[in-house]
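Single-structure report; data block below.
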Amino acid sequence: MGAAFSDEQGAPMIRFHNVTKHYGRTGMALEKVDLAFQQGEFAFITGRSGAGKTTLLKLLYAAEHPTHGDVLLEGRSVARLHPSSVPWLRRNMGIVVQDFRLLPRRSIFENVALPLEVCGVKRGELRPRVRQALARVGLEGMGKRRPGELSGGEQQRVAIARAIVNRPSILLADEPTGNLDHYLSSDIMDLLVGICRDQGATVLVATHDQDQVKRHDFREVHLRGGRIEFDRRSQHGPSGNVTALKQPGDEATHSSPPGTEAGDERDEPQGQRESPSEAQA
Amino acid sequence: MSYIGYSLRRALKGMAEYRFLAGATISAVATVLLLIGTFAMTLSNLSGVLDRWGKDVQISCYLIDDIEDTAIFDLKVELQSMGEVQSVKYVSKLEALEQFGRSIDGMDRILADLDENPLPASLEVRLAPNYQKPRQVADIARRLERPEFVALDYSHEWVERYHTFLSLSRLSAMVLGTLLLVSAVFLIANTIRLAIYARRAELAIVALVGGTRWFARLPFLFEGALQGLAGAIASLGLLHLLYRYAFLQLQEGLGMLMGPDELAFLPGHILASLLLAGIGIGLLGAWSSVVRDPSTSP
Ligand SMILES: Nc1ncnc2c1ncn2[C@@H]1O[C@H](COP(=O)(O)OP(=O)(O)OP(=O)(O)O)[C@@H](O)[C@H]1O
Ligand SMILES: [Mg+2]
């Protein structure tokens with residue numbers, strides 16, 4: 001992951017190249033999938049249950065490996081990544097899984113701090129960053145509580161705070177609004193959109209919540225039985241980039257370690273830099 | 001590294017969470033090390049006794065009754081010239097009687113009633129430090145034999161048997177100790193396996209957020225090492241109690257047999273080895289579980 005991002009305009013951040021995934025001998029989850037996502041893009045992955053949404057995301061963070069084809073991240077193969085390199089891949093990603101996966105015996109603060117702990121971030125530096133992430137999801141002051149003392153929506157937001165605390169360049173969210181009511185779902189989806197807009201992160205959201213898909217005008221990749229049924233582009237622009245068109249060569253951010261202020265390097269004349277949390281850091 | 005601090009905190013929290021399991025493991029390790037320490041303490045004291053006896057291995061050469069003083073003098077000089085001999089001391093019939101009289105309470109009065117002194121004069125041969133092994137003593141005694149001697153006495157059988165007994169005890173203690181150590185390793189391995197199993201959800205999350213396998217493993221290695229260390233410290237405490245209240249008590253009972261020297265507690269290097277052994281079995285047990293468990297290899 002250490003190499004500089006390609007300067008070539010339009011070189012995709014994420015690329016699925018003729019990817020087929022079978023589980024065991026019979027279970028077919030993805031079939032000949034070709035897909036590309038640009039840096040800073042926001043996209044929904046939709047489809048009925050069992051269509052292969054989760055599998056698509058798992059291939060990206062190397063929890064599963066394709067049976068055929070290749071998954072490329074910034075031009076590098078994720079599928080052929082050595083197992084010992086997988087942690088470094090994931091440190092550049094924020095992953096929100098459907099069942100939250102919070103540690104019940106640890107405080108909200110400790111849960112959100114975990115991605116920083118695994119990187120060896122010092123305690124003094126860790127504190128403000130966790131507070132900032134909690135504030136970003138509207139949970140300031142909740143750090144001392146345990147996950148069991150929060151509502152489902154609040155837990156979902158803790159999972160998002162944990163996913164963004166490292167300022168990842170890619171955010172993968174699997175059914176982030178799974179069991180939430182319409183209003184809460186909208187809040188959470190707006191939060192994810194905000195992270196894409198403010199931090200320039202590439203965000204993929206797997207969902208079957210059509211309400212949310214319709215509320216936003218973003219790209220929608222629809223799967224059916226492991227194949228792409230349609231790939232509807234957003235009206236925002238040719239690449240569906242929320243942050244509008246990028247300048248070539250302004251993307252040195254993915255190789256920077258989590259501690260650095262990635263946001264400063266991607267400053268844009270067009271604005272969109274309205275994140276107060278980044279300004280404090 | 002902040003990894004170390006984090007891992008230590010996790011290890012301590014993990015042990016606190018499963019106090020009972022940790023307590024049981026620590027007690028078992030302590031018991032194993034206590035047994036091994038007791039073996040070591042007993043054996044080192046027993047061989048200390050042998051060393052003390054070895055130090056004054058003495059061959060008594062009893063003289064025939066009608067021997068002239070000049071012949072005795074010549075014999076003494078002759079023996080003294082031998083390399084194996086450190087010193088030769090003449091004990092007359094009268095001195096022998098007095099010594100014997102002093103050795104047992106009331107014996108002097110019994111002896112005073114005798115018409116004649118039944119004890120022979122003797123030359124007490126003290127061996128040089130390099131010639132005190134039981135087997136050598138028998139050889140040397142054979143070379144000391146002279147027509148002027150009625151008999152030679154060096155209680156070799158006793159020393160030799162004691163020596164054999166000691167070697168056998170040492171061997172069985174080592175075999176038993178090794179078995180105990182191995183079982184302690186298995187015990188810790190099992191505890192850590194349970195700990196890993198109990199925390200597998202946590203480990204999956206650690207892997208999800210980019211924790212390396214070492215980040216996942218280190219807390220368990222610390223946990224094993226800490227349990228081993230705690231067991232070792234507890235065993236040293238118990239060992240000291242055992243020494244104060246059993247060994248020293250025993251010595252008072254057996255005072256005469258054991259000689260004037262106090263029974264010793266274990267020397268420093270053995271105590272240090274016990275501590276290291278505790279940490280070692282902890283690490284080894286934890287290691288064997290950690291490398292085999294898939295949830296610590298994200
Ligand atoms: N670990 C697995 N072993 C075997 N088959 C699997 C496994 N995971 C998924 N599958 C199968 O692969 C197919 C795609 O599963 P996937 O989880 O990607 O679907 P999904 O679109 O995320 O569904 P949902 O909306 O219910 O979460 C399904 O048919 C499923 O049964
Ligand atoms: Mg799914």
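Residue names in the structure tokens use chain letters A, B, ... in the order shown, residue numbers from 1 in each chain, and ligand numbers from 1 in the order shown.
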Using only C-alpha atoms, determine which residues of chain B fall within 9 Å of chain A; present them as an mmCIF file with N, CA, C and O atoms, in the first residue's frame.
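Result saved to part17.cif:
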```cif
data_model
loop_
_atom_site.group_PDB
_atom_site.id
_atom_site.type_symbol
_atom_site.label_atom_id
_atom_site.label_comp_id
_atom_site.auth_asym_id
_atom_site.auth_seq_id
_atom_site.Cartn_x
_atom_site.Cartn_y
_atom_site.Cartn_z
ATOM 1 N N MET B 1 7.235 0.393 23.711
ATOM 2 C CA MET B 1 6.106 0.320 22.779
ATOM 3 C C MET B 1 4.789 0.308 23.532
ATOM 4 O O MET B 1 4.663 -0.298 24.575
ATOM 5 N N SER B 2 3.818 0.986 22.976
ATOM 6 C CA SER B 2 2.534 1.025 23.663
ATOM 7 C C SER B 2 1.800 -0.308 23.521
ATOM 8 O O SER B 2 0.865 -0.579 24.252
ATOM 9 N N TYR B 3 2.219 -1.140 22.562
ATOM 10 C CA TYR B 3 1.672 -2.507 22.448
ATOM 11 C C TYR B 3 1.838 -3.252 23.769
ATOM 12 O O TYR B 3 0.963 -3.960 24.214
ATOM 13 N N TYR B 6 -0.503 -2.056 26.423
ATOM 14 C CA TYR B 6 -1.850 -2.510 26.098
ATOM 15 C C TYR B 6 -1.988 -4.007 26.392
ATOM 16 O O TYR B 6 -2.954 -4.442 27.016
ATOM 17 N N ALA B 201 -14.477 -13.584 19.987
ATOM 18 C CA ALA B 201 -15.216 -12.485 19.355
ATOM 19 C C ALA B 201 -14.348 -11.230 19.333
ATOM 20 O O ALA B 201 -14.277 -10.518 18.334
ATOM 21 N N GLU B 202 -13.692 -11.005 20.440
ATOM 22 C CA GLU B 202 -12.801 -9.846 20.529
ATOM 23 C C GLU B 202 -11.677 -9.949 19.499
ATOM 24 O O GLU B 202 -11.316 -8.968 18.847
ATOM 25 N N ALA B 204 -11.726 -11.485 16.686
ATOM 26 C CA ALA B 204 -12.242 -11.237 15.339
ATOM 27 C C ALA B 204 -12.320 -9.735 15.088
ATOM 28 O O ALA B 204 -12.013 -9.254 13.993
ATOM 29 N N ILE B 205 -12.714 -8.988 16.117
ATOM 30 C CA ILE B 205 -12.813 -7.535 15.966
ATOM 31 C C ILE B 205 -11.425 -6.921 15.824
ATOM 32 O O ILE B 205 -11.204 -6.039 14.999
ATOM 33 N N VAL B 206 -10.496 -7.414 16.619
ATOM 34 C CA VAL B 206 -9.112 -6.925 16.512
ATOM 35 C C VAL B 206 -8.599 -7.120 15.086
ATOM 36 O O VAL B 206 -7.986 -6.230 14.496
ATOM 37 N N ALA B 207 -8.918 -8.275 14.511
ATOM 38 C CA ALA B 207 -8.477 -8.539 13.139
ATOM 39 C C ALA B 207 -9.184 -7.605 12.165
ATOM 40 O O ALA B 207 -8.589 -7.124 11.205
ATOM 41 N N LEU B 208 -10.445 -7.332 12.436
ATOM 42 C CA LEU B 208 -11.235 -6.483 11.538
ATOM 43 C C LEU B 208 -10.682 -5.061 11.480
ATOM 44 O O LEU B 208 -10.712 -4.417 10.434
ATOM 45 N N VAL B 209 -10.202 -4.561 12.610
ATOM 46 C CA VAL B 209 -9.725 -3.174 12.625
ATOM 47 C C VAL B 209 -8.226 -3.090 12.338
ATOM 48 O O VAL B 209 -7.615 -2.051 12.533
ATOM 49 N N GLY B 210 -7.629 -4.199 11.877
ATOM 50 C CA GLY B 210 -6.247 -4.124 11.421
ATOM 51 C C GLY B 210 -5.204 -4.495 12.455
ATOM 52 O O GLY B 210 -4.050 -4.088 12.342
ATOM 53 N N GLY B 211 -5.599 -5.246 13.471
ATOM 54 C CA GLY B 211 -4.613 -5.711 14.441
ATOM 55 C C GLY B 211 -3.787 -6.837 13.835
ATOM 56 O O GLY B 211 -4.321 -7.710 13.159
ATOM 57 N N THR B 212 -2.485 -6.815 14.068
ATOM 58 C CA THR B 212 -1.640 -7.891 13.548
ATOM 59 C C THR B 212 -1.809 -9.115 14.436
ATOM 60 O O THR B 212 -2.379 -9.046 15.515
ATOM 61 N N ARG B 213 -1.281 -10.245 13.967
ATOM 62 C CA ARG B 213 -1.419 -11.442 14.784
ATOM 63 C C ARG B 213 -0.654 -11.294 16.090
ATOM 64 O O ARG B 213 -1.048 -11.825 17.110
ATOM 65 N N PHE B 215 -0.330 -8.544 17.770
ATOM 66 C CA PHE B 215 -1.179 -7.739 18.634
ATOM 67 C C PHE B 215 -2.220 -8.632 19.305
ATOM 68 O O PHE B 215 -2.542 -8.461 20.473
ATOM 69 N N ALA B 216 -2.727 -9.611 18.572
ATOM 70 C CA ALA B 216 -3.718 -10.525 19.127
ATOM 71 C C ALA B 216 -3.072 -11.497 20.114
ATOM 72 O O ALA B 216 -3.653 -11.856 21.128
ATOM 73 N N SER B 297 -4.565 -15.799 14.509
ATOM 74 C CA SER B 297 -3.789 -15.595 13.274
ATOM 75 C C SER B 297 -4.665 -14.955 12.208
ATOM 76 O O SER B 297 -5.053 -15.617 11.262
ATOM 77 N N PRO B 298 -5.001 -13.689 12.413
ATOM 78 C CA PRO B 298 -5.888 -13.032 11.449
ATOM 79 C C PRO B 298 -5.252 -12.965 10.051
ATOM 80 O O PRO B 298 -4.062 -12.930 9.943
#
```
(message) According to DSSP computed on the backbone, where in stretch 15-221 of chain B is there strand (DSSP E or B)? Give the residues as a PyMOL selection string.
(response) chain B and resi 58-63+85-91+122-127+149-153
Neighbourhood of ligand 1 at 8 Å, counting only C-alpha atoms and all ligand atoms, reported as a PDB file with C-alpha atoms, in the first residue's frame:
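Result saved to pocket18.pdb:
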```pdb
ATOM      1  CA  HIS A  22     -17.758 -19.768  -4.839  1.00  0.00           C
ATOM      2  CA  TYR A  23     -18.179 -20.923  -1.289  1.00  0.00           C
ATOM      3  CA  GLY A  24     -17.131 -24.545  -1.217  1.00  0.00           C
ATOM      4  CA  GLY A  27     -22.380 -22.070  -3.162  1.00  0.00           C
ATOM      5  CA  MET A  28     -22.022 -19.442  -5.887  1.00  0.00           C
ATOM      6  CA  ALA A  29     -21.911 -15.931  -4.397  1.00  0.00           C
ATOM      7  CA  LEU A  30     -20.467 -13.770  -7.195  1.00  0.00           C
ATOM      8  CA  THR A  46     -28.095  -3.311  -3.443  1.00  0.00           C
ATOM      9  CA  GLY A  47     -29.786  -6.602  -4.094  1.00  0.00           C
ATOM     10  CA  ARG A  48     -31.963  -9.175  -2.378  1.00  0.00           C
ATOM     11  CA  SER A  49     -30.808 -11.289   0.442  1.00  0.00           C
ATOM     12  CA  GLY A  50     -28.133 -13.689  -0.769  1.00  0.00           C
ATOM     13  CA  ALA A  51     -27.319 -11.594  -3.834  1.00  0.00           C
ATOM     14  CA  GLY A  52     -23.669 -11.331  -2.820  1.00  0.00           C
ATOM     15  CA  LYS A  53     -23.418  -7.866  -1.246  1.00  0.00           C
ATOM     16  CA  THR A  54     -21.560  -8.971   1.861  1.00  0.00           C
ATOM     17  CA  THR A  55     -19.298 -11.175  -0.215  1.00  0.00           C
ATOM     18  CA  LEU A  56     -18.369  -8.238  -2.413  1.00  0.00           C
ATOM     19  CA  ASP A 174     -22.693  -3.589   5.427  1.00  0.00           C
ATOM     20  CA  GLU A 175     -26.376  -2.940   6.115  1.00  0.00           C
ATOM     21  CA  ALA A 206     -24.427  -2.510   1.096  1.00  0.00           C
ATOM     22  CA  THR A 207     -28.118  -2.161   1.794  1.00  0.00           C
ATOM     23  CA  HIS A 208     -31.553  -3.351   0.842  1.00  0.00           C
ATOM     24  CA  LEU A 223     -26.692  -7.495  -7.653  1.00  0.00           C
ATOM     25  CA  GLY A 225     -27.761 -13.973  -7.869  1.00  0.00           C
ATOM     26  CA  GLY A 226     -24.146 -12.882  -7.826  1.00  0.00           C
TER      27      GLY A 226
END
```
(request) Write out as JSON, numbers by chain the residues lying within 12 Å of B:Val291, counting only C-alpha atoms and excluding same-chain residues fewer than 6 positions away. (result) {"B": [189, 192, 193, 196, 213, 214, 216, 217, 218, 220, 221, 283, 284, 285, 297, 298]}
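From atom CA of B:Leu263 back to atom CA of B:Leu229, the distance works out to 26.9 Å.
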(message) Using Å and a single decimal, report how far atom CA of B:Lys93 sits from atom CA of B:Ile64.
(response)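 Computing it gives 10.8 Å between the two atoms.
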